[in-house]
Amino acid sequence: MKGSMSVWQAASLSCVLGWIIASSLLSFTVRLRSLVQPWVTRHVVADTPLILKIQAFQCAFLDNFFSVLSCAVSVPFYTAFLPLLFWSGHSKLARQMTLLMAFCDYVGCCIKDMVSAPRPSCPPVRRVTATQDEEEHAMEYGLPSSHALNTVCLSGYLLYYVLTSEAEMNITMTLFGLTLVCLLVALTGIGRIYLGMHSLIDVVTGISMGLIMLAFWLLVHGYIDDFIISGQNVTSFWACLSCLLFFAYPTPELPTPSFEYHSAFTGVAFGIVSGIQQTYNSFHSEEVPHIFGPQLPLMVFTGRVIVGIPTILVVKFCSKALAKWLLPVVCNTLGIRIRSSCYIPALKGNENGMKSENKQPGYLQKMVSIFPPKTYEVDNGIRFVQYAGLAWSVVDLVPSLFSHLNM
């Protein structure tokens, strides 16, 4: 079993590495963009009259309603509830939702930056960005709608989890759940158009991709979960996969925040996986107490939240500080040119990047010479380490504190 898992891991990593090399040599991103982008752009322009008709119903209530709904189905909103799911005893649901969000976020952002299709033109379309998160989303490319894609996948998987947890399948509950999910997806799609954030083609593509990705996830989620909790070389495999996914990410036509979101959430996924793999039997098995049960009443859960939230925020701060100091040192040692857009003032605006002062390249520098000789953004590595540390604390450090405090 151990040998077969090693072969499977090596084959997976080799496929990703092969894709990186092939896409770089063949300029796959540029070629695909030249074929797809004009077609999508024409549809975005053609959808403008429909957007204006929907926005003709403009009023303060709809502005507020769809703005709140967009926040409620966004990745940051879902992410804020993940620690509560872990600490309430629903670890399986929490880790599956985490990995599914990482999967959706990576694929959605890749398609956005690969196609680099515009959002609806403003003006004539009125764009409503009620929050800082929405303003950052407006800086991304349009197709597909991440909100529509994530809503289909996450609400669909949550419905699947609830229905399969029941001892007997209730047809009434199933129909009610399906109706609720469909209504949420429809309102999300309409809301993104009403707010001027997406055209119809963006929303339809997001929903279609969401259905395909949800179907795929339902086929493989059991195997992935088994691998995380009992597989071989889990942490090292996931670290290698995370690193390769950084290089596999397509280069957009113009810089966008999409890669920053991917860097952060890939770090979250790595932190969750590495922590769960080490502490599954102690804190995350099916036998752990669940909220509202005799061993985890509401008052104890509240105490967990009071202890846990400040702890993970401290770990996030410390992880960021450590990464800001350590990564430049490591890159300098390896002779990797780096720059920083915001985290390290000394490297801000440095197009040539920081490079090693060693005149003779050492053994480690020769090893990394296989990477393209360009300047790399160190901020993405800092984000990865920062959020990996935060996620690890959620599933490892904080549950250990709960155990010591008899919570």
# chains A, B, ... in the order shown; residues from 1 in each chain; ligands from 1
>>> residues_around(residues="region 288-304 of chain A", least_positions_apart="5", cutoff="9 Å", atoms="only C-alpha atoms", output="PDB file with all heavy atoms, in the first residue's frame")
ATOM      1  N   LEU A  84     -14.924  27.751  13.619  1.00  0.00           N
ATOM      2  CA  LEU A  84     -16.058  27.382  14.461  1.00  0.00           C
ATOM      3  C   LEU A  84     -16.518  25.962  14.163  1.00  0.00           C
ATOM      4  O   LEU A  84     -16.902  25.218  15.079  1.00  0.00           O
ATOM      5  CB  LEU A  84     -17.209  28.367  14.261  1.00  0.00           C
ATOM      6  CG  LEU A  84     -16.873  29.847  14.453  1.00  0.00           C
ATOM      7  CD1 LEU A  84     -18.130  30.691  14.326  1.00  0.00           C
ATOM      8  CD2 LEU A  84     -16.212  30.075  15.805  1.00  0.00           C
ATOM      9  N   TRP A  87     -13.939  23.566  15.795  1.00  0.00           N
ATOM     10  CA  TRP A  87     -14.002  23.543  17.259  1.00  0.00           C
ATOM     11  C   TRP A  87     -15.342  23.044  17.776  1.00  0.00           C
ATOM     12  O   TRP A  87     -15.463  22.722  18.959  1.00  0.00           O
ATOM     13  CB  TRP A  87     -13.731  24.950  17.803  1.00  0.00           C
ATOM     14  CG  TRP A  87     -12.384  25.476  17.397  1.00  0.00           C
ATOM     15  CD1 TRP A  87     -11.300  24.745  16.991  1.00  0.00           C
ATOM     16  CD2 TRP A  87     -11.987  26.853  17.330  1.00  0.00           C
ATOM     17  NE1 TRP A  87     -10.246  25.575  16.677  1.00  0.00           N
ATOM     18  CE2 TRP A  87     -10.633  26.875  16.871  1.00  0.00           C
ATOM     19  CE3 TRP A  87     -12.617  28.060  17.601  1.00  0.00           C
ATOM     20  CZ2 TRP A  87      -9.925  28.062  16.703  1.00  0.00           C
ATOM     21  CZ3 TRP A  87     -11.915  29.244  17.430  1.00  0.00           C
ATOM     22  CH2 TRP A  87     -10.575  29.243  16.988  1.00  0.00           C
ATOM     23  N   SER A  88     -16.350  22.975  16.914  1.00  0.00           N
ATOM     24  CA  SER A  88     -17.659  22.460  17.347  1.00  0.00           C
ATOM     25  C   SER A  88     -17.778  20.958  17.155  1.00  0.00           C
ATOM     26  O   SER A  88     -18.831  20.385  17.427  1.00  0.00           O
ATOM     27  CB  SER A  88     -18.778  23.168  16.571  1.00  0.00           C
ATOM     28  OG  SER A  88     -18.709  22.835  15.190  1.00  0.00           O
ATOM     29  N   GLY A  89     -16.716  20.306  16.661  1.00  0.00           N
ATOM     30  CA  GLY A  89     -16.728  18.859  16.500  1.00  0.00           C
ATOM     31  C   GLY A  89     -17.040  18.385  15.099  1.00  0.00           C
ATOM     32  O   GLY A  89     -17.002  17.184  14.841  1.00  0.00           O
ATOM     33  N   HIS A  90     -17.332  19.303  14.169  1.00  0.00           N
ATOM     34  CA  HIS A  90     -17.663  18.928  12.790  1.00  0.00           C
ATOM     35  C   HIS A  90     -16.418  19.034  11.903  1.00  0.00           C
ATOM     36  O   HIS A  90     -16.406  19.745  10.894  1.00  0.00           O
ATOM     37  CB  HIS A  90     -18.790  19.818  12.263  1.00  0.00           C
ATOM     38  CG  HIS A  90     -20.079  19.658  13.005  1.00  0.00           C
ATOM     39  ND1 HIS A  90     -20.934  18.595  12.806  1.00  0.00           N
ATOM     40  CD2 HIS A  90     -20.646  20.421  13.977  1.00  0.00           C
ATOM     41  CE1 HIS A  90     -21.981  18.716  13.610  1.00  0.00           C
ATOM     42  NE2 HIS A  90     -21.835  19.814  14.326  1.00  0.00           N
ATOM     43  N   SER A 282      -6.378  12.525  17.860  1.00  0.00           N
ATOM     44  CA  SER A 282      -6.523  13.238  19.136  1.00  0.00           C
ATOM     45  C   SER A 282      -7.685  14.223  19.138  1.00  0.00           C
ATOM     46  O   SER A 282      -8.409  14.327  20.137  1.00  0.00           O
ATOM     47  CB  SER A 282      -5.226  13.993  19.458  1.00  0.00           C
ATOM     48  OG  SER A 282      -4.128  13.119  19.543  1.00  0.00           O
ATOM     49  N   PHE A 283      -7.872  14.941  18.029  1.00  0.00           N
ATOM     50  CA  PHE A 283      -8.822  16.055  18.051  1.00  0.00           C
ATOM     51  C   PHE A 283      -9.875  16.048  16.949  1.00  0.00           C
ATOM     52  O   PHE A 283     -10.824  16.825  17.019  1.00  0.00           O
ATOM     53  CB  PHE A 283      -8.057  17.388  17.961  1.00  0.00           C
ATOM     54  CG  PHE A 283      -6.994  17.570  18.992  1.00  0.00           C
ATOM     55  CD1 PHE A 283      -5.685  17.836  18.624  1.00  0.00           C
ATOM     56  CD2 PHE A 283      -7.289  17.468  20.345  1.00  0.00           C
ATOM     57  CE1 PHE A 283      -4.691  18.012  19.571  1.00  0.00           C
ATOM     58  CE2 PHE A 283      -6.310  17.636  21.309  1.00  0.00           C
ATOM     59  CZ  PHE A 283      -5.005  17.897  20.925  1.00  0.00           C
ATOM     60  N   ILE A 309      -9.957  32.346  19.118  1.00  0.00           N
ATOM     61  CA  ILE A 309      -9.831  33.446  18.157  1.00  0.00           C
ATOM     62  C   ILE A 309      -8.595  34.299  18.426  1.00  0.00           C
ATOM     63  O   ILE A 309      -7.804  34.561  17.499  1.00  0.00           O
ATOM     64  CB  ILE A 309     -11.112  34.306  18.150  1.00  0.00           C
ATOM     65  CG1 ILE A 309     -12.315  33.479  17.639  1.00  0.00           C
ATOM     66  CG2 ILE A 309     -10.904  35.543  17.290  1.00  0.00           C
ATOM     67  CD1 ILE A 309     -12.159  33.001  16.212  1.00  0.00           C
ATOM     68  N   VAL A 398      -4.585  25.229  18.790  1.00  0.00           N
ATOM     69  CA  VAL A 398      -5.751  25.606  19.594  1.00  0.00           C
ATOM     70  C   VAL A 398      -6.440  24.380  20.206  1.00  0.00           C
ATOM     71  O   VAL A 398      -6.773  24.402  21.402  1.00  0.00           O
ATOM     72  CB  VAL A 398      -6.732  26.454  18.760  1.00  0.00           C
ATOM     73  CG1 VAL A 398      -8.033  26.681  19.520  1.00  0.00           C
ATOM     74  CG2 VAL A 398      -6.098  27.790  18.409  1.00  0.00           C
ATOM     75  N   PRO A 399      -6.696  23.280  19.457  1.00  0.00           N
ATOM     76  CA  PRO A 399      -7.248  22.092  20.111  1.00  0.00           C
ATOM     77  C   PRO A 399      -6.364  21.558  21.238  1.00  0.00           C
ATOM     78  O   PRO A 399      -6.880  21.017  22.236  1.00  0.00           O
ATOM     79  CB  PRO A 399      -7.349  21.083  18.963  1.00  0.00           C
ATOM     80  CG  PRO A 399      -7.536  21.917  17.756  1.00  0.00           C
ATOM     81  CD  PRO A 399      -6.669  23.118  17.996  1.00  0.00           C
ATOM     82  N   PHE A 402      -7.275  23.586  24.148  1.00  0.00           N
ATOM     83  CA  PHE A 402      -8.556  23.118  24.677  1.00  0.00           C
ATOM     84  C   PHE A 402      -8.362  21.882  25.557  1.00  0.00           C
ATOM     85  O   PHE A 402      -8.988  21.752  26.617  1.00  0.00           O
ATOM     86  CB  PHE A 402      -9.513  22.776  23.524  1.00  0.00           C
ATOM     87  CG  PHE A 402      -9.919  23.945  22.680  1.00  0.00           C
ATOM     88  CD1 PHE A 402     -10.426  23.750  21.400  1.00  0.00           C
ATOM     89  CD2 PHE A 402      -9.823  25.242  23.163  1.00  0.00           C
ATOM     90  CE1 PHE A 402     -10.810  24.814  20.615  1.00  0.00           C
ATOM     91  CE2 PHE A 402     -10.206  26.327  22.395  1.00  0.00           C
ATOM     92  CZ  PHE A 402     -10.691  26.105  21.107  1.00  0.00           C
ATOM     93  N   MET A 407     -11.389  21.807  27.925  1.00  0.00           N
ATOM     94  CA  MET A 407     -12.504  22.395  27.191  1.00  0.00           C
ATOM     95  C   MET A 407     -12.872  21.519  26.002  1.00  0.00           C
ATOM     96  O   MET A 407     -13.655  21.890  25.176  1.00  0.00           O
ATOM     97  CB  MET A 407     -12.121  23.794  26.700  1.00  0.00           C
ATOM     98  CG  MET A 407     -11.781  24.757  27.847  1.00  0.00           C
ATOM     99  SD  MET A 407     -11.198  26.365  27.238  1.00  0.00           S
ATOM    100  CE  MET A 407     -12.695  26.991  26.517  1.00  0.00           C
TER     101      MET A 407
END
>>> select_by_dssp(residues="region 76-319 of chain A", states="helix (DSSP H, G or I)", output="ChimeraX atom specification")
/A:76-87,91-115,132-137,146-165,171-194,200-230,234-248,258-284,298-319
>>> residues_around(residues="Gly156 (chain A)", least_positions_apart="3", cutoff="10 Å", atoms="only C-alpha atoms", output="ChimeraX atom specification")
/A:150-153,159-161,177-178,181-182,185,210-211,214-215,218
>>> residues_around(residues="Val378 (chain A)", least_positions_apart="4", cutoff="9 Å", atoms="only C-alpha atoms", output="list in words")
Lys324, Leu327, Pro328, Cys331, Ile338, Arg339, Ser340, Ser341, Tyr343, Ile344, Ile382 and Arg383 of chain A
>>> write_last_selection(atoms="N, CA and C atoms", output="PDB file, in the first residue's frame")
ATOM      1  N   LYS A 324       8.448  37.244   6.832  1.00  0.00           N
ATOM      2  CA  LYS A 324       9.078  38.459   6.324  1.00  0.00           C
ATOM      3  C   LYS A 324      10.583  38.473   6.589  1.00  0.00           C
ATOM      4  N   LEU A 327      12.043  34.372   4.585  1.00  0.00           N
ATOM      5  CA  LEU A 327      12.015  34.147   3.139  1.00  0.00           C
ATOM      6  C   LEU A 327      13.071  34.951   2.381  1.00  0.00           C
ATOM      7  N   PRO A 328      13.268  36.252   2.675  1.00  0.00           N
ATOM      8  CA  PRO A 328      14.355  36.951   1.976  1.00  0.00           C
ATOM      9  C   PRO A 328      15.727  36.332   2.222  1.00  0.00           C
ATOM     10  N   CYS A 331      15.876  33.127   0.077  1.00  0.00           N
ATOM     11  CA  CYS A 331      15.998  33.472  -1.345  1.00  0.00           C
ATOM     12  C   CYS A 331      17.377  34.033  -1.663  1.00  0.00           C
ATOM     13  N   ILE A 338      14.202  38.556  -5.817  1.00  0.00           N
ATOM     14  CA  ILE A 338      12.871  38.787  -5.254  1.00  0.00           C
ATOM     15  C   ILE A 338      12.582  40.280  -5.202  1.00  0.00           C
ATOM     16  N   ARG A 339      11.276  40.589  -5.153  1.00  0.00           N
ATOM     17  CA  ARG A 339      10.806  41.952  -4.956  1.00  0.00           C
ATOM     18  C   ARG A 339       9.596  41.882  -4.028  1.00  0.00           C
ATOM     19  N   SER A 340       9.190  43.027  -3.493  1.00  0.00           N
ATOM     20  CA  SER A 340       8.037  43.084  -2.598  1.00  0.00           C
ATOM     21  C   SER A 340       7.194  44.296  -2.951  1.00  0.00           C
ATOM     22  N   SER A 341       5.876  44.075  -3.052  1.00  0.00           N
ATOM     23  CA  SER A 341       4.958  45.168  -3.383  1.00  0.00           C
ATOM     24  C   SER A 341       4.473  45.916  -2.150  1.00  0.00           C
ATOM     25  N   TYR A 343       4.936  44.203   1.645  1.00  0.00           N
ATOM     26  CA  TYR A 343       5.322  43.686   2.954  1.00  0.00           C
ATOM     27  C   TYR A 343       6.727  44.098   3.389  1.00  0.00           C
ATOM     28  N   ILE A 344       7.682  44.237   2.468  1.00  0.00           N
ATOM     29  CA  ILE A 344       9.068  44.541   2.813  1.00  0.00           C
ATOM     30  C   ILE A 344       9.458  45.854   2.140  1.00  0.00           C
ATOM     31  N   ILE A 382       5.061  35.062   1.549  1.00  0.00           N
ATOM     32  CA  ILE A 382       4.732  35.517   2.904  1.00  0.00           C
ATOM     33  C   ILE A 382       3.269  35.236   3.218  1.00  0.00           C
ATOM     34  N   ARG A 383       2.396  35.501   2.257  1.00  0.00           N
ATOM     35  CA  ARG A 383       0.970  35.203   2.463  1.00  0.00           C
ATOM     36  C   ARG A 383       0.757  33.711   2.705  1.00  0.00           C
TER      37      ARG A 383
END
>>> closest_residue(among="A:Phe86, A:Tyr280, A:Tyr157, A:Trp39", to="Trp217 (chain A)", atoms="only C-alpha atoms")
A:Tyr157
>>> atom_distance(atom1="CA of Ile229 (chain A)", atom2="CA of Ala94 (chain A)")
13.6 Å
>>> residues_around(residues="Val394 (chain A)", least_positions_apart="4", cutoff="10 Å", atoms="only C-alpha atoms", output="list in words")
Leu82, Pro83, Leu84, Phe86, Trp87, Gly271, Ile272, Gly275, Ile276, Gly308, Ile309, Thr311, Ile312, Val315, Ala388, Gly389, Leu390, Val398, Pro399 and Ser400 of chain A
>>> write_last_selection(atoms="N, CA, C and O atoms", output="short mmCIF file (atom, residue, chain, number, x, y, z; two decimals), in the first residue's frame")
data_model
loop_
_atom_site.label_atom_id
_atom_site.label_comp_id
_atom_site.auth_asym_id
_atom_site.auth_seq_id
_atom_site.Cartn_x
_atom_site.Cartn_y
_atom_site.Cartn_z
N LEU A 82 -14.96 28.57 9.36
CA LEU A 82 -14.26 27.29 9.40
C LEU A 82 -13.71 26.96 10.79
O LEU A 82 -13.84 25.82 11.25
N PRO A 83 -13.06 27.91 11.49
CA PRO A 83 -12.62 27.57 12.85
C PRO A 83 -13.76 27.11 13.76
O PRO A 83 -13.59 26.19 14.57
N LEU A 84 -14.92 27.75 13.62
CA LEU A 84 -16.06 27.38 14.46
C LEU A 84 -16.52 25.96 14.16
O LEU A 84 -16.90 25.22 15.08
N PHE A 86 -14.56 23.49 13.04
CA PHE A 86 -13.56 22.59 13.61
C PHE A 86 -13.74 22.45 15.11
O PHE A 86 -13.70 21.35 15.66
N TRP A 87 -13.94 23.57 15.80
CA TRP A 87 -14.00 23.54 17.26
C TRP A 87 -15.34 23.04 17.78
O TRP A 87 -15.46 22.72 18.96
N GLY A 271 -1.99 24.34 5.68
CA GLY A 271 -2.00 24.34 7.14
C GLY A 271 -3.02 23.37 7.71
O GLY A 271 -2.73 22.65 8.68
N ILE A 272 -4.20 23.32 7.12
CA ILE A 272 -5.24 22.40 7.57
C ILE A 272 -4.80 20.95 7.37
O ILE A 272 -4.92 20.11 8.27
N GLY A 275 -1.90 19.94 9.72
CA GLY A 275 -2.35 19.83 11.10
C GLY A 275 -3.24 18.63 11.34
O GLY A 275 -3.08 17.90 12.33
N ILE A 276 -4.19 18.41 10.44
CA ILE A 276 -5.11 17.28 10.58
C ILE A 276 -4.35 15.96 10.52
O ILE A 276 -4.62 15.02 11.29
N GLY A 308 -9.81 30.59 21.44
CA GLY A 308 -9.25 30.24 20.13
C GLY A 308 -9.01 31.42 19.21
O GLY A 308 -7.95 31.49 18.57
N ILE A 309 -9.96 32.35 19.12
CA ILE A 309 -9.83 33.45 18.16
C ILE A 309 -8.60 34.30 18.43
O ILE A 309 -7.80 34.56 17.50
N THR A 311 -5.90 33.45 19.90
CA THR A 311 -4.72 32.62 19.69
C THR A 311 -4.35 32.54 18.21
O THR A 311 -3.18 32.71 17.84
N ILE A 312 -5.33 32.30 17.35
CA ILE A 312 -5.01 32.17 15.93
C ILE A 312 -4.60 33.51 15.33
O ILE A 312 -3.79 33.56 14.40
N VAL A 315 -0.97 33.87 16.21
CA VAL A 315 -0.17 32.99 15.36
C VAL A 315 -0.06 33.58 13.95
O VAL A 315 1.00 33.53 13.32
N ALA A 388 -0.88 29.63 6.26
CA ALA A 388 -0.62 28.24 6.64
C ALA A 388 -0.47 28.14 8.16
O ALA A 388 -1.00 27.21 8.80
N GLY A 389 0.26 29.09 8.76
CA GLY A 389 0.40 29.11 10.21
C GLY A 389 -0.93 29.31 10.91
O GLY A 389 -1.23 28.64 11.92
N LEU A 390 -1.74 30.22 10.39
CA LEU A 390 -3.07 30.45 10.99
C LEU A 390 -3.92 29.18 10.94
O LEU A 390 -4.53 28.79 11.95
N VAL A 398 -4.58 25.23 18.79
CA VAL A 398 -5.75 25.61 19.59
C VAL A 398 -6.44 24.38 20.21
O VAL A 398 -6.77 24.40 21.40
N PRO A 399 -6.70 23.28 19.46
CA PRO A 399 -7.25 22.09 20.11
C PRO A 399 -6.36 21.56 21.24
O PRO A 399 -6.88 21.02 22.24
N SER A 400 -5.04 21.71 21.12
CA SER A 400 -4.16 21.31 22.21
C SER A 400 -4.41 22.16 23.45
O SER A 400 -4.40 21.66 24.58
#
>>> residues_around(residues="Arg192 (chain A)", least_positions_apart="4", cutoff="10 Å", atoms="only C-alpha atoms", output="ChimeraX atom specification")
/A:51,66-67,69-70,127-128,145-148,187-188,196-200,202-203
>>> write_last_selection(atoms="all heavy atoms", output="CSV table (one decimal), in the first residue's frame")
chain,number,residue,atom,x,y,z
A,51,ILE,N,-28.1,43.9,-18.6
A,51,ILE,CA,-27.6,44.5,-17.3
A,51,ILE,C,-28.4,45.8,-17.0
A,51,ILE,O,-28.8,46.0,-15.9
A,51,ILE,CB,-26.1,44.7,-17.3
A,51,ILE,CG1,-25.4,43.3,-17.5
A,51,ILE,CG2,-25.7,45.2,-15.9
A,51,ILE,CD1,-23.9,43.5,-17.7
A,66,PHE,N,-28.5,42.8,-2.2
A,66,PHE,CA,-27.5,42.1,-3.0
A,66,PHE,C,-26.1,42.3,-2.5
A,66,PHE,O,-25.3,41.4,-2.7
A,66,PHE,CB,-27.7,42.4,-4.5
A,66,PHE,CG,-28.9,41.9,-5.1
A,66,PHE,CD1,-29.9,42.7,-5.7
A,66,PHE,CD2,-29.1,40.5,-5.1
A,66,PHE,CE1,-31.0,42.1,-6.3
A,66,PHE,CE2,-30.3,39.9,-5.7
A,66,PHE,CZ,-31.2,40.7,-6.3
A,67,SER,N,-25.8,43.4,-1.9
A,67,SER,CA,-24.5,43.6,-1.4
A,67,SER,C,-24.2,42.7,-0.2
A,67,SER,O,-23.1,42.1,-0.1
A,67,SER,CB,-24.3,45.1,-1.0
A,67,SER,OG,-24.3,46.0,-2.1
A,69,LEU,N,-25.8,39.9,0.4
A,69,LEU,CA,-25.8,38.5,-0.1
A,69,LEU,C,-24.5,38.2,-0.7
A,69,LEU,O,-23.9,37.1,-0.5
A,69,LEU,CB,-26.9,38.4,-1.2
A,69,LEU,CG,-27.0,37.0,-1.8
A,69,LEU,CD1,-27.4,35.9,-0.7
A,69,LEU,CD2,-28.1,36.9,-2.9
A,70,SER,N,-23.9,39.1,-1.5
A,70,SER,CA,-22.6,38.9,-2.1
A,70,SER,C,-21.5,38.7,-1.0
A,70,SER,O,-20.6,37.8,-1.1
A,70,SER,CB,-22.2,40.1,-2.9
A,70,SER,OG,-23.0,40.2,-4.1
A,127,ARG,N,-21.8,50.2,-11.2
A,127,ARG,CA,-21.1,49.2,-10.4
A,127,ARG,C,-21.2,49.6,-8.9
A,127,ARG,O,-20.8,50.7,-8.5
A,127,ARG,CB,-19.7,49.0,-10.8
A,127,ARG,CG,-18.9,47.9,-10.1
A,127,ARG,CD,-17.6,47.6,-10.8
A,127,ARG,NE,-17.9,47.0,-12.1
A,127,ARG,CZ,-17.0,47.1,-13.1
A,127,ARG,NH1,-15.8,47.6,-12.9
A,127,ARG,NH2,-17.3,46.5,-14.3
A,128,VAL,N,-21.8,48.7,-8.1
A,128,VAL,CA,-21.9,48.9,-6.7
A,128,VAL,C,-20.9,48.1,-5.9
A,128,VAL,O,-20.9,46.8,-6.0
A,128,VAL,CB,-23.3,48.5,-6.2
A,128,VAL,CG1,-23.5,48.8,-4.7
A,128,VAL,CG2,-24.4,49.2,-7.0
A,145,SER,N,-17.8,34.0,-12.9
A,145,SER,CA,-18.2,34.6,-11.6
A,145,SER,C,-17.8,33.7,-10.5
A,145,SER,O,-18.4,32.6,-10.3
A,145,SER,CB,-19.7,34.8,-11.6
A,145,SER,OG,-20.1,35.2,-10.3
A,146,SER,N,-16.8,34.1,-9.6
A,146,SER,CA,-16.4,33.3,-8.5
A,146,SER,C,-17.5,33.1,-7.5
A,146,SER,O,-17.6,32.0,-6.9
A,146,SER,CB,-15.2,33.9,-7.8
A,146,SER,OG,-14.1,34.0,-8.7
A,147,HIS,N,-18.3,34.1,-7.3
A,147,HIS,CA,-19.4,34.0,-6.3
A,147,HIS,C,-20.4,32.9,-6.8
A,147,HIS,O,-20.9,32.1,-5.9
A,147,HIS,CB,-20.2,35.3,-6.2
A,147,HIS,CG,-19.4,36.3,-5.4
A,147,HIS,ND1,-18.3,37.0,-5.8
A,147,HIS,CD2,-19.7,36.8,-4.1
A,147,HIS,CE1,-17.9,37.8,-4.8
A,147,HIS,NE2,-18.7,37.7,-3.8
A,148,ALA,N,-20.8,32.9,-8.1
A,148,ALA,CA,-21.7,31.9,-8.6
A,148,ALA,C,-21.1,30.5,-8.5
A,148,ALA,O,-21.7,29.5,-8.0
A,148,ALA,CB,-22.1,32.2,-10.0
A,187,LEU,N,-30.4,33.8,-6.8
A,187,LEU,CA,-30.2,35.2,-6.2
A,187,LEU,C,-28.8,35.7,-6.3
A,187,LEU,O,-28.6,36.9,-6.6
A,187,LEU,CB,-30.7,35.2,-4.8
A,187,LEU,CG,-32.2,35.1,-4.6
A,187,LEU,CD1,-32.6,35.0,-3.1
A,187,LEU,CD2,-33.0,36.3,-5.2
A,188,THR,N,-27.9,34.8,-6.1
A,188,THR,CA,-26.5,35.2,-6.2
A,188,THR,C,-26.1,35.7,-7.6
A,188,THR,O,-25.5,36.7,-7.8
A,188,THR,CB,-25.5,34.1,-5.8
A,188,THR,OG1,-25.8,33.7,-4.4
A,188,THR,CG2,-24.1,34.5,-5.9
A,196,GLY,N,-23.6,45.1,-11.2
A,196,GLY,CA,-22.7,45.5,-12.2
A,196,GLY,C,-21.3,44.8,-12.2
A,196,GLY,O,-20.4,45.3,-12.9
A,197,MET,N,-21.2,43.8,-11.4
A,197,MET,CA,-19.9,43.1,-11.3
A,197,MET,C,-19.7,42.0,-12.4
A,197,MET,O,-18.5,41.7,-12.7
A,197,MET,CB,-19.9,42.4,-9.9
A,197,MET,CG,-19.9,43.4,-8.7
A,197,MET,SD,-18.5,44.4,-8.6
A,197,MET,CE,-17.2,43.3,-8.1
A,198,HIS,N,-20.8,41.5,-12.9
A,198,HIS,CA,-20.6,40.5,-13.9
A,198,HIS,C,-21.7,40.6,-15.0
A,198,HIS,O,-22.8,41.2,-14.8
A,198,HIS,CB,-20.7,39.1,-13.3
A,198,HIS,CG,-19.5,38.7,-12.5
A,198,HIS,ND1,-18.3,38.3,-13.1
A,198,HIS,CD2,-19.4,38.6,-11.2
A,198,HIS,CE1,-17.5,38.0,-12.1
A,198,HIS,NE2,-18.1,38.2,-10.9
A,199,SER,N,-21.4,40.0,-16.2
A,199,SER,CA,-22.4,39.9,-17.2
A,199,SER,C,-23.0,38.5,-17.2
A,199,SER,O,-22.6,37.6,-16.4
A,199,SER,CB,-21.7,40.1,-18.6
A,199,SER,OG,-20.7,39.1,-18.8
A,200,LEU,N,-24.0,38.3,-18.0
A,200,LEU,CA,-24.7,37.0,-18.0
A,200,LEU,C,-23.8,35.8,-18.3
A,200,LEU,O,-23.8,34.8,-17.7
A,200,LEU,CB,-25.8,37.0,-19.0
A,200,LEU,CG,-26.7,35.8,-19.1
A,200,LEU,CD1,-27.4,35.5,-17.8
A,200,LEU,CD2,-27.7,35.9,-20.2
A,202,ASP,N,-20.6,35.5,-17.6
A,202,ASP,CA,-19.8,35.2,-16.5
A,202,ASP,C,-20.6,34.3,-15.5
A,202,ASP,O,-20.0,33.4,-14.9
A,202,ASP,CB,-19.4,36.5,-15.8
A,202,ASP,CG,-18.6,37.4,-16.7
A,202,ASP,OD1,-18.0,37.0,-17.6
A,202,ASP,OD2,-18.6,38.7,-16.4
A,203,VAL,N,-21.8,34.7,-15.2
A,203,VAL,CA,-22.6,34.0,-14.2
A,203,VAL,C,-22.9,32.6,-14.7
A,203,VAL,O,-22.8,31.6,-14.0
A,203,VAL,CB,-23.9,34.8,-13.9
A,203,VAL,CG1,-24.8,33.9,-13.0
A,203,VAL,CG2,-23.6,36.1,-13.2
